[in-house]
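A short write-up of the structure that comes next.
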Amino acid sequence: MDVLALARLGESLGVAAEGIDLNCPVADATREALRRALLEGLVLCIRGQTLSPQAYLAAMRAFGMPMMQLRVASRHPDVAEIMILSSDDRDNDGDGQRLVVGAHWHSDDSYKAVPCSLTALYGVAVPGSGGDTQFVNMYAAYDDLSQRMKRRIAGLRVVHTYDSSRKGARVARLTPEEAEAVPAVTHPLVRTHPETGRKALYMNPNRMEAVVGLERAESDALLDDLTHHAIQEKHQYRHKWRRGDVLIWDNRCTMHKANADYPEGECRLMHRIIIEGTVPT
Ligand code: SIN
């Protein structure tokens, strides 16, 4: 029988769960406790897992409906819902250079009309040092804004696009079919979380192109200011990976970024699953 133990990870966000084996069916009460821990902690780390791709997919169904991910080339050969992120990744459809997915602040999938709600990342192999994933709490970033700024950004919408001219890190080149599936979209700059009812800044510095209706210079300045505000240390949690961690985060109220600062030759292998979301409002 599972004996779930929860412990806080960071000051602003993050909770760790121990005492469960995701290979076994999770009891309803445990599933509800994990769901609540994620809603309250924004990032949930389930420690110590050893999962086949099939078992991992089955376990993540407890959190919602897994979605297919965009890039066909990075799909797991046996379980297509799993995207493989590896220290060996190269931009094979582009210039062949090293590719570190998610190396700049972002919220997953914001370039889609209906972005995923949650992302799960399973640490199959983690480097001896480095390779952390950093997170920010976007509820806190919104709450911390001045009343004046809250009034200024209320109702604003932002164009998000896969290959933004403002991106801070390289993104993988898409095939023509993949690119056609993700035309530019707009999303509110402040969204209301559909489950908690709380307001959060909704930003993706790697995919946002411009604020609708503003001159380009004003739009750039506003997006830069809000990004700097959001990523302040006090809003952050930095996850140091242990092999077997299953890390699940809520893209509706967080941003994150990967760090590629581990030594050359060290292996970092992650299996990623995304969970269906709703249109941001
Ligand atoms: C991602 O952005 O989805 C991946 C993050 C990571 O590899 O740390």
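Convention: chains lettered A, B, ... in structure tokens order; per-chain residue numbering from 1; ligands numbered from 1 as shown.
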Would you mind listing what lies within 8 Å of Val79 of chain A as a PyMOL selection string, with only C-alpha atoms counted and same-chain residues fewer than 4 positions away left out?
chain A and resi 53-54+57+75
Residues within 10 Å of ligand 1 (only C-alpha atoms and all ligand atoms), as a short mmCIF file (atom, residue, chain, number, x, y, z; two decimals) with N, CA, C and O atoms, in the first residue's frame?
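The resulting file, pocket16.cif, is shown below:
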```
data_model
loop_
_atom_site.label_atom_id
_atom_site.label_comp_id
_atom_site.auth_asym_id
_atom_site.auth_seq_id
_atom_site.Cartn_x
_atom_site.Cartn_y
_atom_site.Cartn_z
N MET A 83 7.83 12.27 -25.91
CA MET A 83 8.88 12.97 -26.67
C MET A 83 10.20 12.70 -25.96
O MET A 83 10.27 12.80 -24.74
N ILE A 84 11.23 12.39 -26.73
CA ILE A 84 12.54 12.13 -26.14
C ILE A 84 13.36 13.41 -26.19
O ILE A 84 13.52 14.03 -27.24
N LEU A 85 13.86 13.83 -25.02
CA LEU A 85 14.79 14.96 -24.96
C LEU A 85 16.13 14.39 -24.50
O LEU A 85 16.20 13.78 -23.43
N SER A 86 17.15 14.61 -25.29
CA SER A 86 18.41 13.95 -24.99
C SER A 86 19.58 14.90 -25.20
O SER A 86 19.54 15.79 -26.05
N SER A 87 20.65 14.66 -24.42
CA SER A 87 21.88 15.44 -24.60
C SER A 87 22.48 15.18 -25.98
O SER A 87 23.35 15.93 -26.43
N VAL A 100 19.15 22.11 -27.49
CA VAL A 100 18.71 21.93 -26.10
C VAL A 100 17.29 22.46 -26.04
O VAL A 100 17.06 23.66 -26.09
N VAL A 101 16.35 21.54 -26.00
CA VAL A 101 14.94 21.96 -26.02
C VAL A 101 14.62 22.72 -24.74
O VAL A 101 14.96 22.28 -23.65
N GLY A 102 14.02 23.89 -24.91
CA GLY A 102 13.54 24.65 -23.74
C GLY A 102 14.61 25.39 -22.99
O GLY A 102 14.48 25.57 -21.78
N ALA A 103 15.66 25.87 -23.69
CA ALA A 103 16.78 26.51 -23.00
C ALA A 103 16.53 27.98 -22.67
O ALA A 103 17.43 28.65 -22.18
N HIS A 104 15.35 28.48 -22.95
CA HIS A 104 15.01 29.86 -22.55
C HIS A 104 13.65 29.81 -21.86
O HIS A 104 12.88 28.88 -22.07
N TRP A 105 13.33 30.81 -21.07
CA TRP A 105 12.06 30.81 -20.32
C TRP A 105 10.88 30.61 -21.25
O TRP A 105 10.79 31.27 -22.29
N HIS A 106 9.98 29.73 -20.86
CA HIS A 106 8.78 29.49 -21.67
C HIS A 106 7.71 28.77 -20.88
O HIS A 106 7.97 28.26 -19.77
N SER A 107 6.54 28.74 -21.48
CA SER A 107 5.42 27.93 -20.98
C SER A 107 5.09 26.99 -22.13
O SER A 107 4.90 27.45 -23.27
N ASP A 108 5.03 25.69 -21.87
CA ASP A 108 4.96 24.73 -22.99
C ASP A 108 3.75 24.94 -23.88
O ASP A 108 2.63 25.15 -23.38
N ASP A 109 4.04 24.89 -25.19
CA ASP A 109 2.96 24.82 -26.19
C ASP A 109 2.16 26.10 -26.38
O ASP A 109 1.07 26.04 -26.97
N THR A 119 2.87 19.43 -18.06
CA THR A 119 3.97 18.68 -18.70
C THR A 119 4.56 17.76 -17.65
O THR A 119 4.72 18.16 -16.49
N ALA A 120 4.88 16.53 -18.06
CA ALA A 120 5.60 15.61 -17.18
C ALA A 120 6.94 15.29 -17.83
O ALA A 120 7.01 15.08 -19.05
N LEU A 121 7.99 15.31 -17.02
CA LEU A 121 9.33 14.99 -17.51
C LEU A 121 9.90 13.91 -16.58
O LEU A 121 9.95 14.11 -15.36
N TYR A 122 10.29 12.80 -17.18
CA TYR A 122 10.82 11.66 -16.40
C TYR A 122 12.33 11.59 -16.63
O TYR A 122 12.77 11.47 -17.78
N GLY A 123 13.07 11.70 -15.55
CA GLY A 123 14.53 11.69 -15.64
C GLY A 123 15.05 10.26 -15.75
O GLY A 123 15.30 9.60 -14.74
N GLY A 131 22.32 20.71 -15.58
CA GLY A 131 21.11 20.19 -16.22
C GLY A 131 19.84 20.43 -15.41
O GLY A 131 18.82 19.77 -15.63
N ASP A 132 19.91 21.40 -14.46
CA ASP A 132 18.72 21.71 -13.65
C ASP A 132 17.62 22.29 -14.54
O ASP A 132 17.89 22.82 -15.62
N THR A 133 16.38 22.21 -14.05
CA THR A 133 15.27 22.92 -14.68
C THR A 133 14.80 23.99 -13.70
O THR A 133 14.54 23.69 -12.54
N GLN A 134 14.74 25.24 -14.18
CA GLN A 134 14.29 26.36 -13.34
C GLN A 134 12.82 26.67 -13.63
O GLN A 134 12.39 26.59 -14.79
N PHE A 135 12.11 27.06 -12.58
CA PHE A 135 10.68 27.40 -12.71
C PHE A 135 10.41 28.75 -12.09
O PHE A 135 11.09 29.16 -11.15
N HIS A 239 15.09 23.08 -9.95
CA HIS A 239 15.04 21.63 -9.68
C HIS A 239 16.36 20.97 -10.05
O HIS A 239 16.78 21.00 -11.21
N LYS A 240 16.98 20.35 -9.04
CA LYS A 240 18.19 19.56 -9.27
C LYS A 240 17.74 18.11 -9.41
O LYS A 240 17.21 17.53 -8.47
N TRP A 241 17.97 17.59 -10.60
CA TRP A 241 17.40 16.28 -10.93
C TRP A 241 18.08 15.12 -10.20
O TRP A 241 19.30 15.11 -10.04
N LEU A 247 8.79 14.70 -12.86
CA LEU A 247 8.48 16.09 -12.50
C LEU A 247 7.28 16.52 -13.35
O LEU A 247 7.29 16.38 -14.58
N TRP A 249 4.58 19.72 -14.06
CA TRP A 249 4.33 21.14 -13.77
C TRP A 249 3.11 21.65 -14.51
O TRP A 249 2.68 21.08 -15.51
N MET A 255 6.40 29.35 -15.63
CA MET A 255 7.30 29.26 -16.79
C MET A 255 8.50 28.42 -16.32
O MET A 255 8.73 28.28 -15.12
N HIS A 256 9.26 27.92 -17.28
CA HIS A 256 10.44 27.13 -16.91
C HIS A 256 11.50 27.25 -17.99
O HIS A 256 11.23 27.72 -19.09
N LYS A 257 12.69 26.80 -17.65
CA LYS A 257 13.75 26.68 -18.67
C LYS A 257 14.74 25.59 -18.28
O LYS A 257 14.99 25.35 -17.10
N ALA A 258 15.29 24.95 -19.32
CA ALA A 258 16.30 23.91 -19.12
C ALA A 258 17.68 24.57 -19.08
O ALA A 258 17.88 25.63 -19.66
N ASN A 259 18.62 23.93 -18.40
CA ASN A 259 20.01 24.41 -18.38
C ASN A 259 20.91 23.38 -19.04
O ASN A 259 20.89 22.21 -18.66
N ALA A 260 21.71 23.85 -19.99
CA ALA A 260 22.60 22.94 -20.72
C ALA A 260 24.03 23.13 -20.22
O ALA A 260 24.98 23.13 -21.00
N ARG A 268 22.08 13.21 -20.48
CA ARG A 268 20.81 13.67 -19.87
C ARG A 268 19.71 13.18 -20.79
O ARG A 268 19.66 13.56 -21.96
N LEU A 269 18.87 12.31 -20.27
CA LEU A 269 17.81 11.72 -21.10
C LEU A 269 16.48 11.85 -20.37
O LEU A 269 16.33 11.34 -19.25
N MET A 270 15.55 12.54 -21.01
CA MET A 270 14.25 12.82 -20.40
C MET A 270 13.14 12.30 -21.31
O MET A 270 13.23 12.44 -22.53
N HIS A 271 12.09 11.76 -20.69
CA HIS A 271 10.89 11.39 -21.44
C HIS A 271 9.79 12.37 -21.06
O HIS A 271 9.48 12.52 -19.88
N ARG A 272 9.22 12.99 -22.08
CA ARG A 272 8.27 14.09 -21.83
C ARG A 272 6.88 13.72 -22.33
O ARG A 272 6.73 13.23 -23.45
N ILE A 273 5.90 13.98 -21.47
CA ILE A 273 4.49 13.77 -21.84
C ILE A 273 3.75 15.08 -21.54
O ILE A 273 4.00 15.69 -20.50
N ILE A 274 2.86 15.48 -22.44
CA ILE A 274 2.06 16.67 -22.17
C ILE A 274 0.59 16.26 -22.05
O ILE A 274 0.15 15.30 -22.66
#
```
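Once Gln97 of chain A and its same-chain neighbours fewer than 6 positions away are set aside, Ser87, Asp88, Asp89, Arg90, Asp91, Arg170, Val171, Ala172 and Arg173 of chain A remain within 12 Å of it when counting only C-alpha atoms.
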Write out as a count of residues only each polymer residue whose atoms come within 7 Å of Val114 of chain A, counting only C-alpha atoms; drop sequence neighbours fewer than 2 positions from it.
5
List every residue of segment 2-237 of chain A that DSSP, applied to the backbone of this structure, assigns to strand (DSSP E or B), and report them as a ChimeraX atom specification.
/A:5-8,15-18,43-46,66-67,75,83-86,90,98,106,118-125,133-137,157-160,185-188,190-192,199-201,208-211,236-237
Mind pulling up the distance from atom CA of Gly244 of chain A to atom CA of Gly48 of chain A?
4.7 Å
With a distance cut-off of 12 Å and only C-alpha atoms, select the neighbouring residues of Leu9 of chain A, excluding the residue or stretch itself and same-chain residues fewer than 4 positions from it, and output the selection as a PDB file with N, CA and C atoms, in the first residue's frame.
```pdb
ATOM      1  N   LEU A  13       7.492  27.783  -4.924  1.00  0.00           N
ATOM      2  CA  LEU A  13       6.762  26.693  -5.588  1.00  0.00           C
ATOM      3  C   LEU A  13       7.577  25.408  -5.492  1.00  0.00           C
ATOM      4  N   GLY A  14       6.894  24.284  -5.734  1.00  0.00           N
ATOM      5  CA  GLY A  14       7.582  22.994  -5.751  1.00  0.00           C
ATOM      6  C   GLY A  14       7.210  22.138  -4.547  1.00  0.00           C
ATOM      7  N   VAL A  15       6.829  20.873  -4.845  1.00  0.00           N
ATOM      8  CA  VAL A  15       6.539  19.911  -3.777  1.00  0.00           C
ATOM      9  C   VAL A  15       7.043  18.537  -4.231  1.00  0.00           C
ATOM     10  N   ALA A  16       7.616  17.787  -3.296  1.00  0.00           N
ATOM     11  CA  ALA A  16       8.129  16.443  -3.612  1.00  0.00           C
ATOM     12  C   ALA A  16       7.207  15.401  -2.998  1.00  0.00           C
ATOM     13  N   ALA A  17       7.014  14.304  -3.740  1.00  0.00           N
ATOM     14  CA  ALA A  17       6.187  13.200  -3.243  1.00  0.00           C
ATOM     15  C   ALA A  17       7.041  11.937  -3.213  1.00  0.00           C
ATOM     16  N   ALA A  37      -1.708  18.538  -4.499  1.00  0.00           N
ATOM     17  CA  ALA A  37      -0.325  18.992  -4.266  1.00  0.00           C
ATOM     18  C   ALA A  37       0.191  19.747  -5.489  1.00  0.00           C
ATOM     19  N   GLY A  41       1.219  23.376  -5.288  1.00  0.00           N
ATOM     20  CA  GLY A  41       2.681  23.536  -5.365  1.00  0.00           C
ATOM     21  C   GLY A  41       3.177  23.923  -6.742  1.00  0.00           C
ATOM     22  N   LEU A  42       2.347  23.819  -7.774  1.00  0.00           N
ATOM     23  CA  LEU A  42       2.609  24.189  -9.178  1.00  0.00           C
ATOM     24  C   LEU A  42       3.605  23.272  -9.896  1.00  0.00           C
ATOM     25  N   VAL A  43       4.562  22.732  -9.125  1.00  0.00           N
ATOM     26  CA  VAL A  43       5.526  21.758  -9.674  1.00  0.00           C
ATOM     27  C   VAL A  43       5.554  20.596  -8.692  1.00  0.00           C
ATOM     28  N   LEU A  44       5.336  19.376  -9.192  1.00  0.00           N
ATOM     29  CA  LEU A  44       5.287  18.198  -8.316  1.00  0.00           C
ATOM     30  C   LEU A  44       6.357  17.213  -8.768  1.00  0.00           C
ATOM     31  N   CYS A  45       7.221  16.812  -7.831  1.00  0.00           N
ATOM     32  CA  CYS A  45       8.261  15.830  -8.164  1.00  0.00           C
ATOM     33  C   CYS A  45       7.939  14.508  -7.483  1.00  0.00           C
ATOM     34  N   ILE A  46       7.681  13.480  -8.275  1.00  0.00           N
ATOM     35  CA  ILE A  46       7.442  12.148  -7.708  1.00  0.00           C
ATOM     36  C   ILE A  46       8.769  11.400  -7.814  1.00  0.00           C
ATOM     37  N   PHE A 135      12.105  27.058 -12.581  1.00  0.00           N
ATOM     38  CA  PHE A 135      10.680  27.396 -12.709  1.00  0.00           C
ATOM     39  C   PHE A 135      10.405  28.755 -12.086  1.00  0.00           C
ATOM     40  N   GLN A 236      11.319  32.054  -8.049  1.00  0.00           N
ATOM     41  CA  GLN A 236      11.874  30.855  -8.704  1.00  0.00           C
ATOM     42  C   GLN A 236      12.024  29.643  -7.794  1.00  0.00           C
ATOM     43  N   TYR A 237      11.993  28.472  -8.434  1.00  0.00           N
ATOM     44  CA  TYR A 237      12.458  27.215  -7.832  1.00  0.00           C
ATOM     45  C   TYR A 237      13.363  26.541  -8.873  1.00  0.00           C
ATOM     46  N   ARG A 238      14.504  26.042  -8.415  1.00  0.00           N
ATOM     47  CA  ARG A 238      15.459  25.401  -9.333  1.00  0.00           C
ATOM     48  C   ARG A 238      15.520  23.906  -9.002  1.00  0.00           C
ATOM     49  N   HIS A 239      15.092  23.082  -9.950  1.00  0.00           N
ATOM     50  CA  HIS A 239      15.044  21.635  -9.683  1.00  0.00           C
ATOM     51  C   HIS A 239      16.355  20.971 -10.052  1.00  0.00           C
ATOM     52  N   LYS A 240      16.979  20.346  -9.045  1.00  0.00           N
ATOM     53  CA  LYS A 240      18.190  19.557  -9.273  1.00  0.00           C
ATOM     54  C   LYS A 240      17.736  18.109  -9.414  1.00  0.00           C
ATOM     55  N   LEU A 247       8.792  14.704 -12.863  1.00  0.00           N
ATOM     56  CA  LEU A 247       8.479  16.089 -12.503  1.00  0.00           C
ATOM     57  C   LEU A 247       7.278  16.520 -13.349  1.00  0.00           C
TER      58      LEU A 247
END
```
Kindly give the distance, in Å, that separates atom CA of Ala221 of chain A and atom CA of Ala113 of chain A, rounded to a single decimal.
24.8 Å
Mind dumping a table of every segment 233-253 of chain A residue within 10 Å of segment 203-213 of chain A, with the nearest atom pair and its distance in Å to one decimal, using only C-alpha atoms, sorted by chain and rising number, as JSON lines?
```
{"residue": "A:Asn251", "atom": "CA", "partner": "A:Met203", "partner_atom": "CA", "distance": 9.9}
{"residue": "A:Arg252", "atom": "CA", "partner": "A:Met203", "partner_atom": "CA", "distance": 9.6}
{"residue": "A:Cys253", "atom": "CA", "partner": "A:Met203", "partner_atom": "CA", "distance": 9.4}
```
What does the structure give for the distance between atom CA of Asp95 of chain A and atom CA of Ser74 of chain A, in Å to one decimal?
16.1 Å
Could you tell me, as JSON, numbers by chain, which residues of segment 78-233 of chain A DSSP assigns to helix (DSSP H, G or I) when given the backbone?
{"A": [138, 139, 140, 141, 142, 143, 147, 148, 149, 150, 151, 152, 153, 176, 177, 178, 179, 180, 216, 217, 218, 219, 220, 221, 222, 223, 224, 225, 226, 227, 228, 229, 230, 233]}
Might you pull out every residue within 12 Å of Leu156 of chain A, with only C-alpha atoms counted and same-chain residues fewer than 3 positions away left off, and present them as a VMD selection string?
chain A and resid 149 to 153 159 186 to 191 201 to 203 210 to 214 219 222 to 223 281
Counting only C-alpha atoms, the residue among A:Asn137, A:Thr196, A:Ala169, A:Glu264 that lies closest to His229 of chain A is A:Asn137
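The shortest atom-to-atom distance to Val126 of chain A, with only C-alpha atoms taken into account, belongs to A:Cys267 out of A:Cys267, A:Met67, A:Ala33, A:Ala230.
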I'd like the neighbourhood of Ile275 of chain A as an NGL selection string, where a residue qualifies if any of its atoms comes within 6 Å (using only C-alpha atoms), though same-chain residues fewer than 5 positions away should be ignored.
:A and (64-67 or 116-118)
Keeping only all heavy atoms, take the residues you just selected and write them out as a PDB file, in the first residue's frame.
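Okay, again.pdb is ready:
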```pdb
ATOM      1  N   GLY A  64      -4.693  13.501 -16.488  1.00  0.00           N
ATOM      2  CA  GLY A  64      -5.440  14.044 -17.627  1.00  0.00           C
ATOM      3  C   GLY A  64      -5.120  13.247 -18.877  1.00  0.00           C
ATOM      4  O   GLY A  64      -4.518  12.167 -18.824  1.00  0.00           O
ATOM      5  N   MET A  65      -5.518  13.805 -20.015  1.00  0.00           N
ATOM      6  CA  MET A  65      -5.390  13.087 -21.293  1.00  0.00           C
ATOM      7  C   MET A  65      -4.048  13.439 -21.969  1.00  0.00           C
ATOM      8  O   MET A  65      -3.848  14.592 -22.357  1.00  0.00           O
ATOM      9  CB  MET A  65      -6.552  13.521 -22.194  1.00  0.00           C
ATOM     10  CG  MET A  65      -6.520  12.905 -23.566  1.00  0.00           C
ATOM     11  SD  MET A  65      -6.867  11.149 -23.524  1.00  0.00           S
ATOM     12  CE  MET A  65      -8.644  11.218 -23.413  1.00  0.00           C
ATOM     13  N   PRO A  66      -3.140  12.477 -22.124  1.00  0.00           N
ATOM     14  CA  PRO A  66      -1.887  12.775 -22.835  1.00  0.00           C
ATOM     15  C   PRO A  66      -2.153  13.171 -24.287  1.00  0.00           C
ATOM     16  O   PRO A  66      -3.057  12.633 -24.931  1.00  0.00           O
ATOM     17  CB  PRO A  66      -1.118  11.452 -22.762  1.00  0.00           C
ATOM     18  CG  PRO A  66      -1.697  10.732 -21.584  1.00  0.00           C
ATOM     19  CD  PRO A  66      -3.157  11.115 -21.576  1.00  0.00           C
ATOM     20  N   MET A  67      -1.377  14.147 -24.775  1.00  0.00           N
ATOM     21  CA  MET A  67      -1.536  14.639 -26.156  1.00  0.00           C
ATOM     22  C   MET A  67      -0.336  14.233 -26.992  1.00  0.00           C
ATOM     23  O   MET A  67       0.767  14.107 -26.470  1.00  0.00           O
ATOM     24  CB  MET A  67      -1.532  16.184 -26.182  1.00  0.00           C
ATOM     25  CG  MET A  67      -2.699  16.865 -25.566  1.00  0.00           C
ATOM     26  SD  MET A  67      -2.277  18.629 -25.327  1.00  0.00           S
ATOM     27  CE  MET A  67      -2.121  19.233 -26.999  1.00  0.00           C
ATOM     28  N   CYS A 116      -1.095  22.760 -23.946  1.00  0.00           N
ATOM     29  CA  CYS A 116      -1.238  21.721 -22.921  1.00  0.00           C
ATOM     30  C   CYS A 116      -1.397  22.385 -21.554  1.00  0.00           C
ATOM     31  O   CYS A 116      -0.958  23.513 -21.343  1.00  0.00           O
ATOM     32  CB  CYS A 116      -0.023  20.794 -22.937  1.00  0.00           C
ATOM     33  SG  CYS A 116       1.537  21.599 -22.581  1.00  0.00           S
ATOM     34  N   SER A 117      -2.023  21.646 -20.637  1.00  0.00           N
ATOM     35  CA  SER A 117      -2.151  22.172 -19.267  1.00  0.00           C
ATOM     36  C   SER A 117      -0.906  21.817 -18.455  1.00  0.00           C
ATOM     37  O   SER A 117      -0.297  22.680 -17.819  1.00  0.00           O
ATOM     38  CB  SER A 117      -3.396  21.596 -18.594  1.00  0.00           C
ATOM     39  OG  SER A 117      -3.375  20.179 -18.647  1.00  0.00           O
ATOM     40  N   LEU A 118      -0.524  20.547 -18.500  1.00  0.00           N
ATOM     41  CA  LEU A 118       0.583  20.039 -17.682  1.00  0.00           C
ATOM     42  C   LEU A 118       1.661  19.441 -18.570  1.00  0.00           C
ATOM     43  O   LEU A 118       1.359  18.968 -19.680  1.00  0.00           O
ATOM     44  CB  LEU A 118       0.101  18.932 -16.740  1.00  0.00           C
ATOM     45  CG  LEU A 118      -1.142  19.200 -15.888  1.00  0.00           C
ATOM     46  CD1 LEU A 118      -1.494  17.945 -15.081  1.00  0.00           C
ATOM     47  CD2 LEU A 118      -0.902  20.378 -14.956  1.00  0.00           C
TER      48      LEU A 118
END
```
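Checking A:Tyr111, A:Lys199, A:Glu178, A:Leu4 one by one against Arg31 of chain A, counting only C-alpha atoms, you find the shortest gap at A:Leu4.
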